[in-house]
>>> print(open('start-v6.txt').read())   # compact mmCIF, C-alpha atoms
# COMPACT_ATOMS: atom_id res chain seq x y z
CA MET T 1 233.35 143.20 0.85
CA LYS T 2 230.95 145.11 3.08
CA ILE T 3 233.87 147.01 4.61
CA ALA T 4 235.23 147.94 1.15
CA TYR T 5 231.79 149.16 0.03
CA GLY T 6 231.50 151.34 3.14
CA VAL T 7 234.88 152.89 2.51
CA LEU T 8 233.89 153.74 -1.07
CA VAL T 9 230.66 155.43 0.07
CA VAL T 10 232.49 157.58 2.61
CA ALA T 11 235.10 158.55 0.01
CA ALA T 12 232.41 159.57 -2.47
CA CYS T 13 230.75 161.80 0.13
CA VAL T 14 234.07 163.44 0.98
CA LEU T 15 234.81 164.15 -2.71
CA ALA T 16 231.31 165.49 -3.37
CA ALA T 17 231.44 168.05 -0.53
CA PRO T 18 233.90 170.53 -2.22
CA ALA T 19 231.91 170.37 -5.46
CA ALA T 20 228.70 171.27 -3.61
CA ARG T 21 230.42 174.13 -1.80
CA ALA T 22 231.81 175.42 -5.12
CA GLN T 23 228.30 175.39 -6.62
CA ASP T 24 226.94 177.32 -3.61
CA ASP T 25 229.75 179.91 -3.90
CA LYS T 26 229.01 180.34 -7.61
CA GLN T 27 225.32 180.97 -6.97
CA GLU T 28 226.13 183.47 -4.19
CA LEU T 29 228.55 185.38 -6.43
CA LYS T 30 225.99 185.44 -9.24
CA LYS T 31 223.35 186.81 -6.86
CA LYS T 32 225.70 189.57 -5.63
CA LEU T 33 226.60 190.58 -9.19
CA LEU T 34 222.94 190.74 -10.24
CA ASP T 35 222.08 192.82 -7.16
CA GLU T 36 224.89 195.27 -7.94
CA ILE T 37 223.85 195.56 -11.60
CA SER T 38 220.23 196.17 -10.58
CA LYS T 39 221.33 198.91 -8.17
CA LYS T 40 223.42 200.64 -10.88
CA LEU T 41 220.55 200.46 -13.36
CA ASP T 42 218.17 201.99 -10.83
CA GLU T 43 220.58 204.88 -10.18
CA GLU T 44 221.10 205.52 -13.91
CA MET T 45 217.37 205.42 -14.62
CA LYS T 46 216.73 207.91 -11.80
CA ARG T 47 219.37 210.27 -13.23
CA ILE T 48 217.91 210.00 -16.75
CA LEU T 49 214.39 210.73 -15.46
CA GLU T 50 215.65 213.80 -13.56
CA GLU T 51 217.37 215.15 -16.70
CA MET T 52 214.26 214.53 -18.77
CA GLY T 53 212.16 216.32 -16.16
CA LYS T 54 214.39 219.41 -16.36
CA LEU T 55 214.20 219.46 -20.16
CA ILE T 56 210.42 219.15 -20.06
CA ASP T 57 210.16 222.03 -17.53
CA GLU T 58 212.32 224.26 -19.74
CA GLU T 59 210.29 223.47 -22.87
CA ILE T 60 207.01 224.16 -21.05
CA ALA T 61 208.39 227.47 -19.76
CA ARG T 62 209.61 228.45 -23.23
CA PHE T 63 206.23 227.53 -24.73
CA ARG T 64 204.45 229.76 -22.23
CA GLY T 65 206.67 232.66 -23.23
CA ARG T 66 208.61 233.09 -20.03
CA LYS T 67 212.03 232.17 -18.84
CA PRO T 68 212.34 229.14 -16.56
CA ASP T 69 213.04 229.86 -12.95
CA ALA T 70 216.73 230.49 -12.47
CA PRO T 71 218.55 227.68 -10.68
CA PRO T 72 220.10 228.32 -7.30
CA ALA T 73 223.56 229.80 -7.36
CA ALA T 74 226.35 227.28 -7.59
CA PRO T 75 227.86 226.47 -4.20
CA GLY T 76 230.64 228.83 -3.27
CA GLY T 77 229.85 231.57 -5.78
CA ALA T 78 227.34 234.18 -6.90
CA PRO T 79 225.52 233.83 -10.25
CA GLY T 80 227.65 234.97 -13.20
CA PHE T 81 227.07 238.48 -14.61
CA LEU T 82 227.96 239.41 -18.20
CA GLY T 83 227.33 243.15 -18.03
CA VAL T 84 225.46 243.95 -21.26
CA GLU T 85 222.18 245.63 -22.17
CA ARG T 86 219.95 245.26 -25.21
CA ASP T 87 220.43 247.85 -27.94
CA PRO T 88 216.96 249.00 -29.11
CA ASP T 89 218.34 249.08 -32.69
CA GLN T 90 218.45 245.35 -33.46
CA PRO T 91 219.66 243.69 -36.71
CA GLY T 92 217.10 242.58 -39.31
CA GLU T 93 216.62 239.36 -41.22
CA ASP T 94 218.73 240.63 -44.12
CA ASP T 95 221.64 241.21 -41.74
CA PHE T 96 221.41 237.68 -40.35
CA LYS T 97 221.32 236.22 -43.87
CA ALA T 98 224.40 238.23 -44.85
CA TRP T 99 226.24 237.06 -41.73
CA LYS T 100 224.99 233.47 -42.24
CA VAL T 101 223.66 233.12 -38.69
CA GLU T 102 220.22 232.18 -37.36
CA GLY T 103 219.88 235.33 -35.25
CA GLY T 104 221.65 237.45 -32.66
CA VAL T 105 221.40 240.33 -30.19
CA ARG T 106 223.07 243.73 -30.59
CA ILE T 107 224.30 244.99 -27.24
CA PHE T 108 225.45 247.94 -25.18
CA VAL T 109 228.27 247.13 -22.76
CA MET T 110 228.05 248.38 -19.19
CA GLU T 111 230.95 250.63 -18.26
CA GLY T 112 233.49 248.72 -16.20
CA GLY T 113 231.51 245.48 -16.51
CA PRO T 114 232.89 242.00 -17.30
CA ALA T 115 231.99 242.24 -21.01
CA GLU T 116 233.79 245.58 -21.50
CA LYS T 117 236.84 244.39 -19.54
CA SER T 118 237.03 241.27 -21.72
CA GLY T 119 236.91 243.20 -24.99
CA LEU T 120 233.25 243.31 -26.04
CA LYS T 121 232.19 246.63 -27.57
CA GLU T 122 229.03 248.62 -28.10
CA GLY T 123 227.29 247.43 -31.27
CA ASP T 124 228.62 243.87 -31.13
CA VAL T 125 226.00 241.27 -32.07
CA ILE T 126 226.17 238.20 -29.81
CA THR T 127 225.21 235.00 -31.67
CA GLU T 128 226.38 232.21 -29.35
CA VAL T 129 227.56 231.65 -25.76
CA GLU T 130 229.37 228.42 -24.86
CA GLY T 131 227.86 226.62 -27.84
CA LYS T 132 224.29 227.78 -27.13
CA LYS T 133 222.63 229.79 -29.91
CA VAL T 134 221.52 233.30 -28.98
CA ARG T 135 218.87 234.30 -31.53
CA GLU T 136 216.94 236.77 -29.35
CA TRP T 137 217.41 238.65 -26.09
CA ALA T 138 215.60 236.07 -23.89
CA GLU T 139 218.12 233.40 -24.89
CA LEU T 140 221.14 235.39 -23.65
CA PRO T 141 220.48 235.03 -19.88
CA GLU T 142 219.33 231.47 -20.56
CA SER T 143 222.77 230.68 -22.03
CA LEU T 144 224.38 231.68 -18.71
CA ARG T 145 222.22 229.48 -16.48
CA GLY T 146 224.30 227.74 -13.81
CA ARG T 147 227.38 229.90 -14.43
CA LYS T 148 228.92 231.73 -11.51
CA ALA T 149 231.17 234.74 -11.01
CA GLY T 150 234.72 233.90 -12.10
CA ASP T 151 233.66 231.39 -14.77
CA LYS T 152 235.03 231.92 -18.28
CA VAL T 153 232.62 231.68 -21.21
CA LYS T 154 233.29 231.77 -24.96
CA VAL T 155 231.14 234.38 -26.70
CA LYS T 156 230.72 234.31 -30.50
CA LEU T 157 229.75 237.65 -32.05
CA ILE T 158 229.59 239.73 -35.20
CA ARG T 159 231.58 242.99 -35.16
CA GLY T 160 230.96 245.04 -38.26
CA LYS T 161 230.82 242.21 -40.78
CA GLU T 162 233.42 239.97 -39.14
CA ALA T 163 232.74 236.94 -36.92
CA GLN T 164 234.81 236.85 -33.73
CA GLU T 165 235.08 234.80 -30.55
CA ILE T 166 235.98 236.40 -27.20
CA THR T 167 236.41 234.72 -23.83
CA VAL T 168 234.66 236.65 -21.06
CA THR T 169 235.30 236.19 -17.35
CA LEU T 170 231.93 236.59 -15.66
CA GLY T 171 231.65 238.97 -12.72
CA LYS T 172 229.28 239.47 -9.82
CA ARG T 173 226.09 241.43 -10.45
CA PRO T 174 226.42 244.86 -8.78
CA GLU T 175 223.97 245.62 -6.04
CA ARG T 176 221.09 247.76 -7.20
CA PRO T 177 221.23 251.22 -5.62
CA ALA T 178 218.29 252.26 -3.51
CA ASP T 179 215.63 254.15 -5.41
CA PRO T 180 215.75 257.89 -4.70
CA ALA T 181 212.96 259.39 -2.65
CA PRO T 182 210.08 260.51 -4.87
CA PRO T 183 210.10 264.22 -5.56
CA SER T 184 207.62 266.25 -3.58
CA ALA T 185 204.67 267.39 -5.61
CA PRO T 186 204.64 271.06 -6.65
CA ASP T 187 201.76 273.18 -5.42
CA ASP T 188 199.84 272.87 -8.69
CA PHE T 189 199.95 269.06 -8.34
CA LYS T 190 198.25 269.08 -4.92
CA LYS T 191 195.10 267.15 -4.45
CA THR T 192 191.94 268.62 -5.92
CA GLU T 193 189.06 266.61 -4.50
CA GLY T 194 186.95 264.79 -7.05
CA LYS T 195 188.68 266.06 -10.22
CA PRO T 196 190.20 263.71 -12.84
CA GLY T 197 193.93 263.00 -12.50
CA ARG T 198 196.64 263.63 -15.08
CA LEU T 199 199.92 261.74 -15.47
CA GLY T 200 201.34 263.58 -18.47
CA ILE T 201 202.30 260.87 -20.96
CA SER T 202 201.20 260.17 -24.54
CA PRO T 203 200.53 256.50 -25.35
CA GLY T 204 202.53 254.69 -28.01
CA ASP T 205 202.43 251.19 -29.48
CA ALA T 206 201.93 247.93 -27.61
CA THR T 207 205.29 246.12 -27.46
CA GLY T 208 204.27 242.73 -26.06
CA LYS T 209 205.89 243.70 -22.77
CA GLY T 210 203.83 246.81 -22.13
CA MET T 211 202.87 250.10 -23.80
CA ALA T 212 205.57 252.34 -25.22
CA ILE T 213 205.50 255.97 -24.03
CA ASP T 214 205.46 258.21 -27.10
CA SER T 215 206.09 261.52 -25.31
CA VAL T 216 206.15 263.12 -21.85
CA THR T 217 204.65 266.59 -21.36
CA ALA T 218 206.92 269.09 -19.59
CA GLY T 219 205.75 270.28 -16.19
CA THR T 220 203.60 267.20 -15.52
CA PRO T 221 203.95 264.58 -12.75
CA ALA T 222 205.53 262.09 -15.19
CA ALA T 223 208.20 264.62 -16.25
CA ALA T 224 208.91 265.60 -12.64
CA ALA T 225 209.38 261.95 -11.64
CA GLY T 226 211.91 261.31 -14.45
CA ILE T 227 209.81 259.18 -16.80
CA LEU T 228 211.15 259.45 -20.38
CA PRO T 229 209.84 259.03 -23.93
CA GLY T 230 210.71 255.52 -25.12
CA ASP T 231 210.14 253.96 -21.69
CA VAL T 232 207.76 251.00 -21.83
CA LEU T 233 204.93 251.36 -19.29
CA THR T 234 204.12 247.99 -17.69
CA LYS T 235 202.18 248.82 -14.50
CA LEU T 236 200.24 251.56 -12.73
CA ASN T 237 200.04 250.49 -9.09
CA ASP T 238 199.12 246.78 -9.44
CA THR T 239 197.31 247.20 -12.77
CA ALA T 240 199.13 245.72 -15.78
CA ILE T 241 199.32 248.07 -18.76
CA TRP T 242 199.62 246.32 -22.13
CA LYS T 243 198.07 248.87 -24.50
CA GLU T 244 196.47 252.31 -24.75
CA SER T 245 193.00 251.12 -23.66
CA ASP T 246 194.48 249.79 -20.38
CA LEU T 247 195.96 253.24 -19.66
CA GLU T 248 192.66 254.97 -20.47
CA ALA T 249 190.68 252.61 -18.20
CA PHE T 250 193.04 253.29 -15.29
CA MET T 251 193.05 257.06 -15.73
CA LYS T 252 189.22 257.20 -15.87
CA LYS T 253 189.14 255.94 -12.29
CA SER T 254 192.02 258.16 -11.09
CA LYS T 255 191.65 261.49 -9.29
CA ALA T 256 193.93 264.49 -8.95
CA GLY T 257 196.18 264.17 -5.90
CA MET T 258 196.17 260.37 -6.07
CA LYS T 259 199.59 258.74 -5.50
CA VAL T 260 200.47 256.23 -8.24
CA ASP T 261 203.41 253.82 -8.47
CA VAL T 262 204.58 253.73 -12.11
CA THR T 263 206.63 250.75 -13.39
CA VAL T 264 208.48 251.01 -16.71
CA LEU T 265 211.14 249.14 -18.68
CA ARG T 266 214.13 251.22 -19.80
CA GLY T 267 216.83 249.48 -21.81
CA GLY T 268 215.57 246.12 -20.55
CA GLU T 269 215.83 247.20 -16.89
CA GLU T 270 212.76 247.66 -14.69
CA LYS T 271 212.40 251.06 -13.02
CA ARG T 272 209.75 252.31 -10.57
CA PHE T 273 208.58 255.86 -9.93
CA SER T 274 206.12 257.32 -7.45
CA VAL T 275 204.03 260.24 -8.74
CA VAL T 276 201.13 262.37 -7.52
CA LEU T 277 198.55 262.96 -10.25
CA ALA T 278 197.83 266.55 -11.23
CA GLU T 279 194.45 268.02 -12.07
CA ARG T 280 193.41 267.36 -15.65
>>> encode(input="start-v6.txt", output="structure tokens")
Amino acid sequence: MKIAYGVLVVAACVLAAPAARAQDDKQELKKKLLDEISKKLDEEMKRILEEMGKLIDEEIARFRGRKPDAPPAAPGGAPGFLGVERDPDQPGEDDFKAWKVEGGVRIFVMEGGPAEKSGLKEGDVITEVEGKKVREWAELPESLRGRKAGDKVKVKLIRGKEAQEITVTLGKRPERPADPAPPSAPDDFKKTEGKPGRLGISPGDATGKGMAIDSVTAGTPAAAAGILPGDVLTKLNDTAIWKESDLEAFMKKSKAGMKVDVTVLRGGEEKRFSVVLAER
């Protein structure tokens, strides 16, 4: 009887061993699966937080009234270039209501640029780019963020009274030509020690980006440098010019013969001129 009992005990141990191993394998598999799920969740949460961070940065930048910093160019290509400029004569609210759109930007097309080659025309009003609404000029470059030269984008626009959609192949922004050497000052612009300086422009309205130039007097330093009526004056040297009082404050401290760097906006493009102030 003792021998039989011993045999039964040994047999029970032998049968129990595979069951124990199976339980261990199950627990190990469960642990591996949980570890893998945890890793995937961590990666997804990190991605979501990064996307939320970008959206928050863009909203903060928009709230502060400036465009967010442009992202680096996509690997293997230069940033995409549309080739349009802002037409000063923009549509009004009545136009947008008639067209049943929230807003838009009337454009000039640059000669030989991607927009002109793709069929856009002067006077077209762009309302959307790749599904992104374009209600004002600042939203047009924003709609092209991350695009590179060679990419195709769908542009919705109003031409006349008709809505159209045109696919534009973006190009590479042309290199900006070097600024011409400033013209030498005529004899009557030469320095006159201690006397007030004269630039030769008449102030216009504040535009939110600077002060519009109402007129330019012939034969003055501004006229000789190529500054035009309608330019928006933004800086004199490093002094920001927002309105007429800013211009007056600068000129009160300026003397004839003083060299001044003049920064203006013309058709949305920044231009710089170097002038020598004449005697007032």
>>> closest_atom_pairs(input="start-v6.txt", of="segment 122-219 of chain T", to="segment 226-249 of chain T", cutoff="9 Å", atoms="all atoms listed in the file", output="tab-separated table")
residue	atom	partner	partner_atom	distance
T:Ile201	CA	T:Pro229	CA	8.3
T:Ser202	CA	T:Pro229	CA	8.7
T:Pro203	CA	T:Glu244	CA	5.9
T:Gly204	CA	T:Glu244	CA	7.3
T:Asp205	CA	T:Lys243	CA	7.0
T:Ala206	CA	T:Lys243	CA	5.0
T:Thr207	CA	T:Trp242	CA	7.8
T:Gly208	CA	T:Trp242	CA	7.1
T:Lys209	CA	T:Trp242	CA	6.8
T:Gly210	CA	T:Trp242	CA	4.2
T:Met211	CA	T:Lys243	CA	5.0
T:Ala212	CA	T:Val232	CA	4.3
T:Ile213	CA	T:Pro229	CA	5.3
T:Asp214	CA	T:Pro229	CA	5.5
T:Ser215	CA	T:Pro229	CA	4.7
T:Val216	CA	T:Pro229	CA	5.9
>>> axis_aligned_box(input="start-v6.txt", around="segment 41-44 of chain T", padding_each_side="5 Å", output="JSON")
{"center_x": 219.6, "center_y": 203.0, "center_z": -12.0, "size_x": 12.9, "size_y": 15.1, "size_z": 13.7}
>>> residues_near_point(input="start-v6.txt", point="(226.2, 237.3, -17.6)", cutoff="9 Å", atoms="all atoms listed in the file", output="number ranges by chain")
T: 79-84, 114-115, 140-141, 143-145, 147-149, 170-173
>>> atom_distance(input="start-v6.txt", atom1="atom CA of Glu44 of chain T", atom2="atom CA of Glu130 of chain T")
26.7 Å
>>> residues_around(input="start-v6.txt", residues="segment 252-268 of chain T", least_positions_apart="4", cutoff="8 Å", atoms="all atoms listed in the file", output="VMD selection string")
chain T and resid 85 to 88 189 to 198 230 to 237 248 272 to 280
>>> atom_distance(input="start-v6.txt", atom1="atom CA of Thr167 of chain T", atom2="atom CA of Glu122 of chain T")
16.3 Å
>>> atom_distance(input="start-v6.txt", atom1="atom CA of Glu162 of chain T", atom2="atom CA of Lys133 of chain T")
17.5 Å
